[in-house]
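S.K.: I am sharing structure23.cif, which consists of mmCIF, C-alpha atoms:
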```
data_coords
loop_
_atom_site.label_atom_id
_atom_site.label_comp_id
_atom_site.auth_asym_id
_atom_site.auth_seq_id
_atom_site.Cartn_x
_atom_site.Cartn_y
_atom_site.Cartn_z
CA MET A 28 96.64 94.69 123.82
CA ILE A 29 99.88 96.61 123.68
CA ASP A 30 100.12 96.41 119.89
CA THR A 31 96.84 98.28 119.59
CA LEU A 32 98.05 101.16 121.76
CA ALA A 33 101.76 101.66 121.25
CA GLU A 34 103.77 102.61 118.26
CA THR A 35 106.30 100.44 116.52
CA PRO A 36 109.38 99.94 118.75
CA VAL A 37 112.09 102.50 118.25
CA SER A 38 114.60 101.54 115.57
CA SER A 39 118.29 101.40 116.36
CA SER A 40 119.19 103.49 113.27
CA PRO A 41 119.09 107.32 113.46
CA GLY A 42 116.62 107.50 110.58
CA GLY A 43 114.35 104.92 112.16
CA ARG A 44 114.43 106.70 115.51
CA PHE A 45 113.53 110.02 113.89
CA LYS A 46 110.65 108.46 111.94
CA THR A 47 109.23 106.78 115.03
CA LEU A 48 109.49 109.95 117.12
CA ALA A 49 107.92 112.02 114.34
CA ILE A 50 104.96 109.65 114.08
CA ALA A 51 104.54 109.63 117.86
CA ALA A 52 104.54 113.45 117.89
CA LEU A 53 102.20 113.96 114.92
CA ARG A 54 99.53 111.42 115.79
CA PRO A 55 98.09 113.41 118.75
CA VAL A 56 98.00 116.53 116.55
CA LEU A 57 95.98 114.72 113.87
CA VAL A 58 93.49 113.27 116.36
CA VAL A 59 92.97 116.66 118.05
CA GLY A 60 92.63 118.29 114.61
CA VAL A 61 89.76 115.98 113.69
CA ALA A 62 88.07 116.63 117.04
CA LEU A 63 88.41 120.39 116.51
CA LEU A 64 86.78 120.13 113.09
CA ALA A 65 83.84 118.33 114.67
CA GLY A 66 83.72 121.00 117.36
CA MET A 67 83.60 123.68 114.69
CA GLY A 68 80.47 122.04 113.30
CA ILE A 69 78.88 122.14 116.74
CA ILE A 70 79.66 125.87 117.12
CA ILE A 71 78.09 126.58 113.72
CA TYR A 72 75.02 124.57 114.74
CA THR A 73 74.58 126.77 117.84
CA GLY A 74 74.51 129.85 115.62
CA GLN A 75 77.95 131.19 116.56
CA ASN A 76 80.83 132.15 114.31
CA PRO A 77 83.56 129.51 114.75
CA LEU A 78 86.37 131.60 113.25
CA PRO A 79 86.80 134.12 116.12
CA ALA A 80 86.25 131.30 118.61
CA TYR A 81 88.97 129.15 117.10
CA GLU A 82 91.28 132.13 116.71
CA ASN A 83 91.10 132.62 120.47
CA LEU A 84 91.31 128.89 121.08
CA LEU A 85 94.27 128.03 118.85
CA ILE A 86 96.16 131.24 118.02
CA GLU A 87 95.81 133.60 120.97
CA PRO A 88 97.63 131.25 123.38
CA PHE A 89 100.78 131.72 121.26
CA ARG A 90 100.64 135.48 120.70
CA THR A 91 102.15 136.60 124.00
CA TRP A 92 104.65 135.08 126.37
CA GLU A 93 102.14 135.51 129.19
CA SER A 94 99.53 133.28 127.52
CA PHE A 95 102.06 130.79 126.14
CA SER A 96 103.72 130.46 129.55
CA SER A 97 100.28 129.56 130.91
CA VAL A 98 100.11 126.77 128.33
CA LEU A 99 103.46 125.44 129.47
CA PHE A 100 102.37 125.76 133.09
CA PHE A 101 99.18 123.75 132.46
CA ALA A 102 101.18 121.06 130.64
CA ILE A 103 103.67 120.25 133.43
CA PRO A 104 101.44 117.98 135.60
CA LEU A 105 99.85 116.43 132.49
CA VAL A 106 103.24 115.32 131.18
CA LEU A 107 103.96 113.54 134.46
CA THR A 108 100.53 111.93 134.89
CA GLY A 109 100.56 111.00 131.20
CA LEU A 110 103.87 109.20 131.71
CA CYS A 111 102.39 107.53 134.79
CA ALA A 112 99.58 106.01 132.73
CA ALA A 113 101.75 105.30 129.69
CA ILE A 114 104.38 103.15 131.37
CA ALA A 115 101.74 101.11 133.23
CA PHE A 116 99.58 100.62 130.14
CA ARG A 117 102.67 99.45 128.26
CA ALA A 118 102.69 96.40 130.53
CA ASN A 119 98.94 95.96 130.04
CA ILE A 120 98.43 97.23 133.60
CA PHE A 121 95.46 99.58 133.83
CA ASN A 122 96.64 102.00 136.49
CA ILE A 123 93.68 104.36 136.88
CA GLY A 124 95.01 105.39 140.29
CA GLY A 125 97.34 108.19 139.24
CA GLU A 126 94.93 110.63 140.84
CA GLY A 127 95.27 109.11 144.30
CA GLN A 128 99.01 108.57 143.89
CA LEU A 129 99.39 112.26 143.03
CA GLN A 130 97.46 113.28 146.16
CA ILE A 131 99.61 111.12 148.44
CA GLY A 132 102.82 112.37 146.81
CA GLY A 133 101.70 115.99 147.11
CA LEU A 134 100.68 115.67 150.75
CA ALA A 135 103.96 113.97 151.69
CA THR A 136 105.90 116.70 149.90
CA ALA A 137 104.12 119.53 151.72
CA TRP A 138 104.43 117.80 155.10
CA LEU A 139 108.17 117.20 154.86
CA ALA A 140 108.87 120.56 153.18
CA ILE A 141 107.59 122.19 156.36
CA ALA A 142 109.21 119.67 158.70
CA TRP A 143 112.60 119.92 157.00
CA ALA A 144 112.49 123.67 156.37
CA PRO A 145 116.00 124.34 157.81
CA LEU A 146 117.68 122.29 155.06
CA PRO A 147 119.40 124.28 152.29
CA ALA A 148 117.51 124.57 148.99
CA ILE A 149 120.13 122.59 147.05
CA VAL A 150 119.34 119.59 149.28
CA LEU A 151 115.68 120.22 150.08
CA VAL A 152 114.32 120.56 146.53
CA PRO A 153 115.59 117.24 145.09
CA VAL A 154 114.79 115.43 148.36
CA LEU A 155 111.19 116.65 148.23
CA VAL A 156 110.79 115.49 144.63
CA LEU A 157 112.11 112.11 145.74
CA ILE A 158 109.67 112.08 148.67
CA GLY A 159 106.78 112.67 146.28
CA ALA A 160 108.01 109.82 144.10
CA VAL A 161 108.27 107.48 147.09
CA GLY A 162 104.78 108.41 148.31
CA GLY A 163 103.20 107.80 144.92
CA ALA A 164 105.18 104.59 144.39
CA LEU A 165 104.16 103.11 147.74
CA TRP A 166 100.51 103.91 147.11
CA ALA A 167 100.64 102.37 143.63
CA GLY A 168 102.59 99.44 145.05
CA ILE A 169 99.53 98.31 147.01
CA ALA A 170 97.57 97.69 143.82
CA GLY A 171 100.70 96.40 142.09
CA TRP A 172 101.30 93.76 144.75
CA LEU A 173 97.66 92.71 144.71
CA ARG A 174 97.79 92.28 140.92
CA ALA A 175 101.21 90.62 140.79
CA TYR A 176 100.87 88.10 143.61
CA LEU A 177 97.15 87.69 144.25
CA GLY A 178 95.77 88.25 140.75
CA ALA A 179 93.47 91.08 141.86
CA THR A 180 92.23 93.34 139.06
CA GLU A 181 94.19 96.58 139.27
CA LEU A 182 91.45 98.47 137.42
CA VAL A 183 89.22 98.07 140.48
CA SER A 184 91.90 98.37 143.17
CA THR A 185 93.47 101.55 141.76
CA ILE A 186 90.08 103.26 141.42
CA MET A 187 89.15 102.31 144.99
CA LEU A 188 92.53 103.45 146.29
CA ASN A 189 91.83 106.88 144.77
CA TYR A 190 88.92 107.28 147.17
CA VAL A 191 90.98 106.02 150.09
CA ALA A 192 93.62 108.62 149.21
CA TYR A 193 90.96 111.34 149.11
CA ASP A 194 89.82 110.36 152.61
CA ILE A 195 93.40 110.34 153.92
CA VAL A 196 94.32 113.78 152.59
CA ASN A 197 91.00 115.21 153.75
CA TYR A 198 91.66 113.89 157.25
CA PHE A 199 95.13 115.43 157.38
CA VAL A 200 94.26 118.92 156.07
CA SER A 201 90.66 119.44 157.20
CA PRO A 202 90.17 121.72 160.22
CA GLY A 203 91.58 119.94 163.26
CA GLY A 204 93.67 117.57 161.17
CA PRO A 205 97.37 116.89 161.93
CA LEU A 206 98.58 119.02 159.00
CA ALA A 207 95.72 121.53 158.78
CA GLY A 208 96.79 125.05 158.00
CA GLY A 209 93.41 126.57 157.18
CA GLY A 210 91.11 126.30 154.22
CA ASN A 211 91.44 122.52 153.80
CA ALA A 212 95.14 122.87 153.09
CA THR A 213 98.49 122.59 154.80
CA ASN A 214 100.54 125.58 155.82
CA PHE A 215 102.62 127.15 153.06
CA ILE A 216 105.98 125.55 152.43
CA PRO A 217 109.18 127.62 152.88
CA GLN A 218 110.38 129.57 149.86
CA ARG A 219 113.60 127.57 149.67
CA ALA A 220 111.45 124.49 148.93
CA THR A 221 109.77 126.02 145.87
CA PHE A 222 110.65 126.03 142.18
CA PRO A 223 111.69 129.48 140.94
CA LEU A 224 109.31 131.14 138.49
CA ILE A 225 110.44 131.96 134.95
CA GLY A 226 109.85 135.66 134.51
CA ASN A 227 106.69 137.28 135.83
CA THR A 228 104.53 134.23 135.06
CA GLN A 229 103.21 131.04 136.64
CA PHE A 230 105.61 128.93 134.58
CA HIS A 231 108.31 127.46 136.80
CA TRP A 232 111.41 125.26 136.73
CA GLY A 233 109.40 122.18 137.52
CA PHE A 234 109.21 121.69 133.75
CA VAL A 235 112.83 120.49 133.93
CA VAL A 236 111.73 117.71 136.27
CA ALA A 237 108.99 116.74 133.80
CA LEU A 238 111.42 116.64 130.86
CA ILE A 239 113.93 114.58 132.85
CA CYS A 240 111.14 112.09 133.56
CA VAL A 241 110.30 111.92 129.84
CA VAL A 242 113.92 111.02 129.07
CA LEU A 243 114.05 108.47 131.89
CA VAL A 244 110.85 106.73 130.74
CA PHE A 245 112.15 106.66 127.15
CA VAL A 246 115.43 105.12 128.28
CA ILE A 247 113.67 102.58 130.49
CA LEU A 248 111.28 101.50 127.75
CA TYR A 249 113.73 101.32 124.85
CA ARG A 250 117.24 101.04 126.26
CA MET A 251 116.95 98.83 129.34
CA PRO A 252 116.09 95.16 129.90
CA LEU A 253 113.20 96.20 132.15
CA GLY A 254 111.61 98.11 129.28
CA TYR A 255 111.87 95.07 127.02
CA GLU A 256 110.21 92.95 129.70
CA VAL A 257 107.48 95.54 130.19
CA ARG A 258 106.71 95.61 126.46
CA MET A 259 106.84 91.82 126.25
CA ILE A 260 104.35 91.43 129.10
CA GLY A 261 102.13 94.02 127.46
CA ALA A 262 102.14 92.03 124.25
CA ASN A 263 101.67 88.59 125.81
CA ALA A 264 102.22 87.91 129.49
CA SER A 265 102.02 84.13 129.09
CA PHE A 266 104.66 84.14 126.37
CA ALA A 267 106.86 86.45 128.49
CA GLN A 268 106.64 84.06 131.44
CA TYR A 269 107.43 81.11 129.18
CA GLY A 270 110.46 83.06 127.94
CA GLY A 271 111.84 83.44 131.46
CA VAL A 272 110.48 86.85 132.45
CA ALA A 273 109.56 87.12 136.15
CA VAL A 274 106.12 88.52 135.38
CA PRO A 275 105.04 89.33 138.99
CA ARG A 276 108.30 91.19 139.66
CA VAL A 277 107.99 93.26 136.48
CA ILE A 278 104.33 94.06 137.16
CA LEU A 279 105.15 95.28 140.68
CA THR A 280 108.17 97.26 139.45
CA THR A 281 106.13 98.87 136.68
CA MET A 282 103.43 99.93 139.12
CA LEU A 283 106.03 101.40 141.46
CA LEU A 284 107.51 103.42 138.59
CA SER A 285 104.07 104.51 137.43
CA GLY A 286 103.07 105.64 140.92
CA ALA A 287 106.39 107.43 141.38
CA LEU A 288 105.68 109.57 138.30
CA ALA A 289 102.25 110.51 139.64
CA GLY A 290 103.77 111.28 143.03
CA ILE A 291 106.33 113.56 141.36
CA ALA A 292 103.41 115.36 139.68
CA GLY A 293 102.03 116.00 143.17
CA SER A 294 105.41 117.29 144.35
CA VAL A 295 105.74 119.61 141.37
CA GLN A 296 102.29 121.09 141.92
CA VAL A 297 103.05 121.73 145.58
CA MET A 298 106.49 123.20 144.92
CA GLY A 299 105.72 125.16 141.77
CA TYR A 300 102.05 126.03 141.85
CA ALA A 301 100.17 126.08 145.16
CA TYR A 302 103.14 126.17 147.61
CA GLN A 303 101.02 124.00 149.92
CA TYR A 304 98.94 120.87 149.60
CA SER A 305 95.25 121.65 149.16
CA THR A 306 92.20 119.47 148.59
CA SER A 307 91.62 121.62 145.49
CA PHE A 308 94.13 119.26 143.88
CA ILE A 309 91.35 116.66 143.83
CA ALA A 310 89.06 118.90 141.78
CA ALA A 311 91.81 119.55 139.22
CA GLN A 312 91.72 115.88 138.10
CA TRP A 313 95.29 115.89 136.76
CA GLY A 314 95.59 112.16 137.25
CA PHE A 315 92.51 111.26 135.23
CA THR A 316 93.41 113.70 132.46
CA GLY A 317 96.82 112.04 132.29
CA VAL A 318 95.13 108.79 131.23
CA THR A 319 93.63 110.57 128.22
CA VAL A 320 96.98 112.19 127.46
CA ALA A 321 98.70 108.79 127.49
CA LEU A 322 96.11 107.22 125.18
CA LEU A 323 96.24 110.19 122.83
CA ALA A 324 100.03 109.79 122.70
CA ARG A 325 99.71 106.03 122.03
CA LEU A 326 101.84 105.48 125.15
CA GLU A 327 104.94 107.04 123.59
CA PRO A 328 106.96 109.30 125.95
CA VAL A 329 107.60 111.93 123.25
CA GLY A 330 103.96 111.79 122.23
CA VAL A 331 102.97 112.43 125.86
CA VAL A 332 104.73 115.80 125.75
CA VAL A 333 102.89 116.79 122.56
CA ALA A 334 99.53 115.53 123.83
CA ALA A 335 99.97 117.37 127.15
CA LEU A 336 100.79 120.59 125.30
CA LEU A 337 97.73 120.17 123.08
CA TYR A 338 95.51 119.72 126.12
CA ALA A 339 97.12 122.74 127.76
CA VAL A 340 96.48 124.84 124.64
CA LEU A 341 92.82 123.84 124.78
CA GLU A 342 92.62 124.81 128.47
CA GLU A 343 94.23 128.22 128.01
CA GLY A 344 92.43 128.83 124.72
CA ALA A 345 89.08 127.98 126.31
CA LEU A 346 89.58 130.75 128.88
CA LEU A 347 90.49 133.24 126.14
CA MET A 348 87.59 132.10 123.96
CA GLU A 349 85.08 132.57 126.77
CA ASN A 350 86.47 136.02 127.64
CA ASN A 351 86.62 137.33 124.07
CA THR A 352 83.65 135.66 122.31
CA ASN A 353 80.11 134.52 123.02
CA VAL A 354 81.04 130.84 122.69
CA ASN A 355 80.73 128.96 125.97
CA HIS A 356 83.94 127.34 127.23
CA ASN A 357 82.03 124.09 127.71
CA ILE A 358 82.52 123.49 124.01
CA ILE A 359 86.06 122.47 124.96
CA THR A 360 84.64 119.75 127.20
CA VAL A 361 82.81 118.48 124.13
CA VAL A 362 86.02 118.61 122.08
CA GLN A 363 87.88 116.69 124.79
CA GLY A 364 85.14 114.08 124.80
CA LEU A 365 85.43 113.81 121.02
CA ILE A 366 89.19 113.31 121.36
CA ILE A 367 88.60 110.37 123.69
CA LEU A 368 85.96 109.00 121.30
CA PHE A 369 88.25 109.24 118.26
CA VAL A 370 91.16 107.66 120.12
CA THR A 371 88.88 104.81 121.20
CA VAL A 372 87.62 104.30 117.65
CA GLN A 373 91.17 104.37 116.33
CA LEU A 374 92.30 101.77 118.86
CA SER A 375 89.29 99.58 118.09
CA PHE A 376 90.00 99.63 114.37
CA GLY A 377 93.65 98.78 115.06
CA TRP A 378 92.62 95.86 117.24
CA LEU A 379 90.18 94.54 114.62
CA ARG A 380 92.79 94.91 111.87
CA ARG A 381 95.37 92.94 113.81
CA ARG A 382 92.84 90.29 114.81
CA ARG A 383 91.82 89.76 111.20
CA ALA A 384 95.46 89.62 110.11
CA ALA A 385 96.17 86.99 112.78
CA ALA A 386 93.12 84.97 111.64
CA ARG A 387 94.29 85.09 108.03
CA ALA A 388 97.78 83.99 109.08
CA LEU A 389 96.33 81.05 110.99
CA GLY A 390 94.20 80.14 107.99
CA THR A 391 97.22 79.92 105.72
CA THR A 392 99.24 77.67 108.05
#
```
As a first step, turn the structure in this file into C-alpha cells.

M.R.:
Amino acid sequence: MIDTLAETPVSSSPGGRFKTLAIAALRPVLVVGVALLAGMGIIIYTGQNPLPAYENLLIEPFRTWESFSSVLFFAIPLVLTGLCAAIAFRANIFNIGGEGQLQIGGLATAWLAIAWAPLPAIVLVPVLVLIGAVGGALWAGIAGWLRAYLGATELVSTIMLNYVAYDIVNYFVSPGGPLAGGGNATNFIPQRATFPLIGNTQFHWGFVVALICVVLVFVILYRMPLGYEVRMIGANASFAQYGGVAVPRVILTTMLLSGALAGIAGSVQVMGYAYQYSTSFIAAQWGFTGVTVALLARLEPVGVVVAALLYAVLEEGALLMENNTNVNHNIITVVQGLIILFVTVQLSFGWLRRRRAAARALGTT
C-alpha cells in the first residue's frame, strides 16, 4: 500500500531532492484548493457571498502578526501528530492511536513537571519533552508488540487503547484523583517548565521541537537503514522478510517512534499552551486530525508541515469568517470533509493505476 500513499523516494542529487520536496509541499495545497472551490459552490448555494467569506478565511489570517501567530500556534500539535501517523503508515502500520498516546504523554509531562519543579529550566524542559516521548512510545508499544509478535490488528488495538487512555487520564485528574487540581485538570506546572511565548501571542518556542522532529523523521526515513526497512515493509512485508529484514523488530520500533511523536505533542501542549494537563485535550482531537494531515501530505515529513499549516489557516480563518460575515463556521467542517474525500479518491485512483500497470506487466511476461 505504501506506493499509493507516499511520494517517490528522495533522490540523492540536489536537483532530485528539491523536486521531491517541492512536489511533497505543493500536493497538499492543490488538494485543499480543490476542496475550497467546492466549498465556494456550497456557500453560493446557501445564498451567501463567498468572496468576503473566503477573504476572511484565506487572507485575513496573514494580515497581522496576531492572526498569523495563531495559525502557527494551531499548527504545532498537528505537525507532531501528523508525523506520528506518517511514519507508522510508511510501514503499512495503521496507528490510529495517536490521540491516546498524546493524552498519556501530556499527563506524564504535567505530573513530572510538578514533581520535579526544583530542577533548573535548562534541565527540566528537555527532560519533560523526553518524558512525553517515553509515555507515548510505551502506550503505542502495547499495540506494536501485539501486531509484531501476535499478529493482532493494530487498527483495532490502537483505537481501543485510545478509550483506555481516556479512562486513565480521567481517573487521574477528575475530582478526588491522584493528580486532580480542579476542573478535571492537574495543577499548573511551574513557569520554568514552560516554553516561552514569542511576543504578546500564544505562539511559543515549542515550534522548534516540532521542526526538530520533522528533520529527525526525514533523516530516519531517507538517511538511515531503519528508514529503508520501514519503507520496504510498507511496500511488501513478505519480500522484506525474505530479504533479511527483521519485520517484527521494525514494526515494534516504528510504533515506538510513532507513539513518541504523539507523546511529544502532548508535552508541547502542556508546556506551551495549557500549562497543565486537562481533559479538554480529548475534545481537541489533535491526534485524529494528525491522521488527516499525514494523508494529505502523502506521508512526507515536509508535506506534513505544509498540510498542518493549511489546516491551521482553515481553523483561524473559520473564526474570522464567522466573526466578520454571515457564513457559518461549520462550512469549514464541510471543507475538511471534502479534503478527506479528495485525498481518498486520489489514493484510490493511484492504487487502481498501479494495479493495472502490474497486471499489464504480468501479461507481457

S.K.: How close does segment 290-344 of chain A get to segment 353-368 of chain A? List, as a Markdown table, each residue of segment 290-344 of chain A within 9 Å, its nearest atom pair and the distance in Å to one decimal, counting all atoms listed in the file.

M.R.:
```
| residue | atom | partner | partner_atom | distance |
| --- | --- | --- | --- | --- |
| A:Thr319 | CA | A:Ile367 | CA | 6.8 |
| A:Leu322 | CA | A:Ile367 | CA | 8.3 |
| A:Leu323 | CA | A:Ile367 | CA | 7.7 |
| A:Tyr338 | CA | A:Gln363 | CA | 8.3 |
| A:Leu341 | CA | A:Ile359 | CA | 6.9 |
| A:Glu342 | CA | A:Ile359 | CA | 7.8 |
| A:Gly344 | CA | A:His356 | CA | 9.0 |
```

S.K.: Translate the PyMOL selection byres ((chain A and resi 270-273) around 12), as applied to the file shown, into an explicit residue set as a PyMOL selection string.

M.R.: chain A and resi 175-176+252-260+263-269+274-280

S.K.: Okay, now the selection with C-alpha atoms, as a PDB file, in the coordinates of the input?

M.R.:
```pdb
ATOM      1  CA  ALA A 175     101.210  90.620 140.790  1.00  0.00           C
ATOM      2  CA  TYR A 176     100.870  88.100 143.610  1.00  0.00           C
ATOM      3  CA  PRO A 252     116.090  95.160 129.900  1.00  0.00           C
ATOM      4  CA  LEU A 253     113.200  96.200 132.150  1.00  0.00           C
ATOM      5  CA  GLY A 254     111.610  98.110 129.280  1.00  0.00           C
ATOM      6  CA  TYR A 255     111.870  95.070 127.020  1.00  0.00           C
ATOM      7  CA  GLU A 256     110.210  92.950 129.700  1.00  0.00           C
ATOM      8  CA  VAL A 257     107.480  95.540 130.190  1.00  0.00           C
ATOM      9  CA  ARG A 258     106.710  95.610 126.460  1.00  0.00           C
ATOM     10  CA  MET A 259     106.840  91.820 126.250  1.00  0.00           C
ATOM     11  CA  ILE A 260     104.350  91.430 129.100  1.00  0.00           C
ATOM     12  CA  ASN A 263     101.670  88.590 125.810  1.00  0.00           C
ATOM     13  CA  ALA A 264     102.220  87.910 129.490  1.00  0.00           C
ATOM     14  CA  SER A 265     102.020  84.130 129.090  1.00  0.00           C
ATOM     15  CA  PHE A 266     104.660  84.140 126.370  1.00  0.00           C
ATOM     16  CA  ALA A 267     106.860  86.450 128.490  1.00  0.00           C
ATOM     17  CA  GLN A 268     106.640  84.060 131.440  1.00  0.00           C
ATOM     18  CA  TYR A 269     107.430  81.110 129.180  1.00  0.00           C
ATOM     19  CA  VAL A 274     106.120  88.520 135.380  1.00  0.00           C
ATOM     20  CA  PRO A 275     105.040  89.330 138.990  1.00  0.00           C
ATOM     21  CA  ARG A 276     108.300  91.190 139.660  1.00  0.00           C
ATOM     22  CA  VAL A 277     107.990  93.260 136.480  1.00  0.00           C
ATOM     23  CA  ILE A 278     104.330  94.060 137.160  1.00  0.00           C
ATOM     24  CA  LEU A 279     105.150  95.280 140.680  1.00  0.00           C
ATOM     25  CA  THR A 280     108.170  97.260 139.450  1.00  0.00           C
TER      26      THR A 280
END
```

S.K.: For Tyr198 of chain A, which of A:Leu57, A:Val372, A:Leu85, A:Ala212 is the closest residue, counting all atoms listed in the file?

M.R.: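 When distances to Tyr198 of chain A are compared using all atoms listed in the file, the smallest one comes from A:Ala212.
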
S.K.: What does the distance between atom CA of Ile216 of chain A and atom CA of Leu99 of chain A come to in Å, to one decimal place?

M.R.: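 Atom CA of Leu99 of chain A lies at a distance of 23.1 Å from atom CA of Ile216 of chain A.
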
S.K.: Selection in question (the file shown): the PyMOL selection byres ((chain A and resi 180) around 12). Which residues does it include, as a list in words?

M.R.: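 Evaluating the PyMOL selection byres ((chain A and resi 180) around 12) on these coordinates yields Asn119, Ile120, Phe121, Asn122, Ile123, Ile169, Ala170, Gly171, Trp172, Leu173, Arg174, Ala175, Tyr176, Leu177, Gly178, Ala179, Glu181, Leu182, Val183, Ser184, Thr185, Ile186 and Met187 of chain A.
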
S.K.: Let me see the file: selected residues, C-alpha atoms, as an mmCIF file, in the coordinates of the input.

M.R.:
```cif
data_model
loop_
_atom_site.group_PDB
_atom_site.id
_atom_site.type_symbol
_atom_site.label_atom_id
_atom_site.label_comp_id
_atom_site.auth_asym_id
_atom_site.auth_seq_id
_atom_site.Cartn_x
_atom_site.Cartn_y
_atom_site.Cartn_z
ATOM 1 C CA ASN A 119 98.940 95.960 130.040
ATOM 2 C CA ILE A 120 98.430 97.230 133.600
ATOM 3 C CA PHE A 121 95.460 99.580 133.830
ATOM 4 C CA ASN A 122 96.640 102.000 136.490
ATOM 5 C CA ILE A 123 93.680 104.360 136.880
ATOM 6 C CA ILE A 169 99.530 98.310 147.010
ATOM 7 C CA ALA A 170 97.570 97.690 143.820
ATOM 8 C CA GLY A 171 100.700 96.400 142.090
ATOM 9 C CA TRP A 172 101.300 93.760 144.750
ATOM 10 C CA LEU A 173 97.660 92.710 144.710
ATOM 11 C CA ARG A 174 97.790 92.280 140.920
ATOM 12 C CA ALA A 175 101.210 90.620 140.790
ATOM 13 C CA TYR A 176 100.870 88.100 143.610
ATOM 14 C CA LEU A 177 97.150 87.690 144.250
ATOM 15 C CA GLY A 178 95.770 88.250 140.750
ATOM 16 C CA ALA A 179 93.470 91.080 141.860
ATOM 17 C CA GLU A 181 94.190 96.580 139.270
ATOM 18 C CA LEU A 182 91.450 98.470 137.420
ATOM 19 C CA VAL A 183 89.220 98.070 140.480
ATOM 20 C CA SER A 184 91.900 98.370 143.170
ATOM 21 C CA THR A 185 93.470 101.550 141.760
ATOM 22 C CA ILE A 186 90.080 103.260 141.420
ATOM 23 C CA MET A 187 89.150 102.310 144.990
#
```

S.K.: Could you give me, as number ranges by chain, the residues within 8 Å of Gly290 of chain A, counting only C-alpha atoms and dropping anything in the same chain fewer than 6 positions from it?

M.R.: A: 128-133, 159-164

S.K.: What would the list of residues within 9 Å of (105.6, 117.9, 141.2) (file frame) look like as a list in words, if only C-alpha atoms are what count?

M.R.: Ile103, Pro104, Leu107, Leu129, Gly132, Gly133, Thr136, Val156, Gly159, Ala160, Gly233, Val236, Ala237, Leu288, Ala289, Gly290, Ile291, Ala292, Gly293, Ser294, Val295, Gln296, Val297, Met298, Gly299 and Tyr300 of chain A

S.K.: In Å, how far is it from atom CA of Ile149 of chain A to atom CA of Leu134 of chain A?

M.R.: 21.0 Å

S.K.: The PyMOL selection byres ((chain A and resi 55) around 12) on the file shown: which residues, as a VMD selection string?

M.R.: chain A and resid 49 to 54 56 to 62 319 to 327 329 to 338 366 to 367 369 to 370 373

S.K.: Identify the residues within 8 Å of coordinate (92.6, 114.1, 139.5) (same frame as the file), considering all atoms listed in the file, and give the answer as number ranges by chain.

M.R.: A: 125-127, 129, 308-316

S.K.: Nearest residue to Tyr302 of chain A out of A:Ile141, A:Ala65, A:Val241, A:Ala339, using all atoms listed in the file?

M.R.: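 For Tyr302 of chain A, the nearest of the given residues is A:Ile141.
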
S.K.: Between atom CA of Phe215 of chain A and atom CA of Cys111 of chain A, what is the distance in Å, rounded to a tenth?

M.R.: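 Separation between atom CA of Phe215 of chain A and atom CA of Cys111 of chain A: 26.8 Å.
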
S.K.: For Phe95 of chain A, find every residue with an atom within 10 Å (counting all atoms listed in the file), except residues of its own chain fewer than 5 positions away, and show them as a list in words.

M.R.: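 Non-adjacent residues within range: Glu87, Pro88, Phe89, Arg90, Phe100, Phe101, Thr228, Phe230, Ala339, Val340, Glu343 and Gly344 of chain A.
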
S.K.: With only C-alpha atoms as the basis for distance, which of A:Ser201, A:Ser285, A:Asn227, A:Asn83 is at the shortest distance from Asn214 of chain A?

M.R.: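 The shortest atom-to-atom distance to Asn214 of chain A comes from A:Ser201.
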
S.K.: Which residue is closest to Cys240 of chain A? Choose from A:Pro147, A:Gly124, A:Leu110, A:Tyr304 and count only C-alpha atoms.

M.R.: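 That would be A:Leu110, the residue with the smallest distance to Cys240 of chain A.
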
S.K.: Rank nothing, just name the residue among A:Gly317, A:Arg383, A:Asn197, A:Met348 nearest to Leu105 of chain A, using all atoms listed in the file.

M.R.: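 Ranked by minimum distance to Leu105 of chain A, first place goes to A:Gly317.
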
S.K.: Rebuild segment 339-349 of chain A so that it carries N, CA and C atoms, then output the result as a PDB file, keeping the file's coordinate frame.

M.R.:
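Generated file (part_32.pdb):
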```pdb
ATOM      1  N   ALA A 339      96.886 121.457 127.089  1.00  0.00           N
ATOM      2  CA  ALA A 339      97.120 122.740 127.760  1.00  0.00           C
ATOM      3  C   ALA A 339      96.697 123.908 126.879  1.00  0.00           C
ATOM      4  N   VAL A 340      96.938 123.800 125.576  1.00  0.00           N
ATOM      5  CA  VAL A 340      96.480 124.840 124.640  1.00  0.00           C
ATOM      6  C   VAL A 340      94.967 124.956 124.690  1.00  0.00           C
ATOM      7  N   LEU A 341      94.288 123.814 124.713  1.00  0.00           N
ATOM      8  CA  LEU A 341      92.820 123.840 124.780  1.00  0.00           C
ATOM      9  C   LEU A 341      92.342 124.491 126.078  1.00  0.00           C
ATOM     10  N   GLU A 342      93.029 124.223 127.189  1.00  0.00           N
ATOM     11  CA  GLU A 342      92.620 124.810 128.470  1.00  0.00           C
ATOM     12  C   GLU A 342      92.806 126.321 128.465  1.00  0.00           C
ATOM     13  N   GLU A 343      93.968 126.776 128.050  1.00  0.00           N
ATOM     14  CA  GLU A 343      94.230 128.220 128.010  1.00  0.00           C
ATOM     15  C   GLU A 343      93.364 128.889 126.957  1.00  0.00           C
ATOM     16  N   GLY A 344      93.254 128.252 125.775  1.00  0.00           N
ATOM     17  CA  GLY A 344      92.430 128.830 124.720  1.00  0.00           C
ATOM     18  C   GLY A 344      90.969 128.914 125.098  1.00  0.00           C
ATOM     19  N   ALA A 345      90.477 127.954 125.887  1.00  0.00           N
ATOM     20  CA  ALA A 345      89.080 127.980 126.310  1.00  0.00           C
ATOM     21  C   ALA A 345      88.789 129.207 127.176  1.00  0.00           C
ATOM     22  N   LEU A 346      89.747 129.550 128.044  1.00  0.00           N
ATOM     23  CA  LEU A 346      89.580 130.750 128.880  1.00  0.00           C
ATOM     24  C   LEU A 346      89.542 132.005 128.012  1.00  0.00           C
ATOM     25  N   LEU A 347      90.456 132.079 127.034  1.00  0.00           N
ATOM     26  CA  LEU A 347      90.490 133.240 126.140  1.00  0.00           C
ATOM     27  C   LEU A 347      89.235 133.303 125.274  1.00  0.00           C
ATOM     28  N   MET A 348      88.778 132.151 124.811  1.00  0.00           N
ATOM     29  CA  MET A 348      87.590 132.100 123.960  1.00  0.00           C
ATOM     30  C   MET A 348      86.361 132.580 124.726  1.00  0.00           C
ATOM     31  N   GLU A 349      86.241 132.154 125.980  1.00  0.00           N
ATOM     32  CA  GLU A 349      85.080 132.570 126.770  1.00  0.00           C
ATOM     33  C   GLU A 349      85.129 134.059 127.080  1.00  0.00           C
TER      34      GLU A 349
END
```
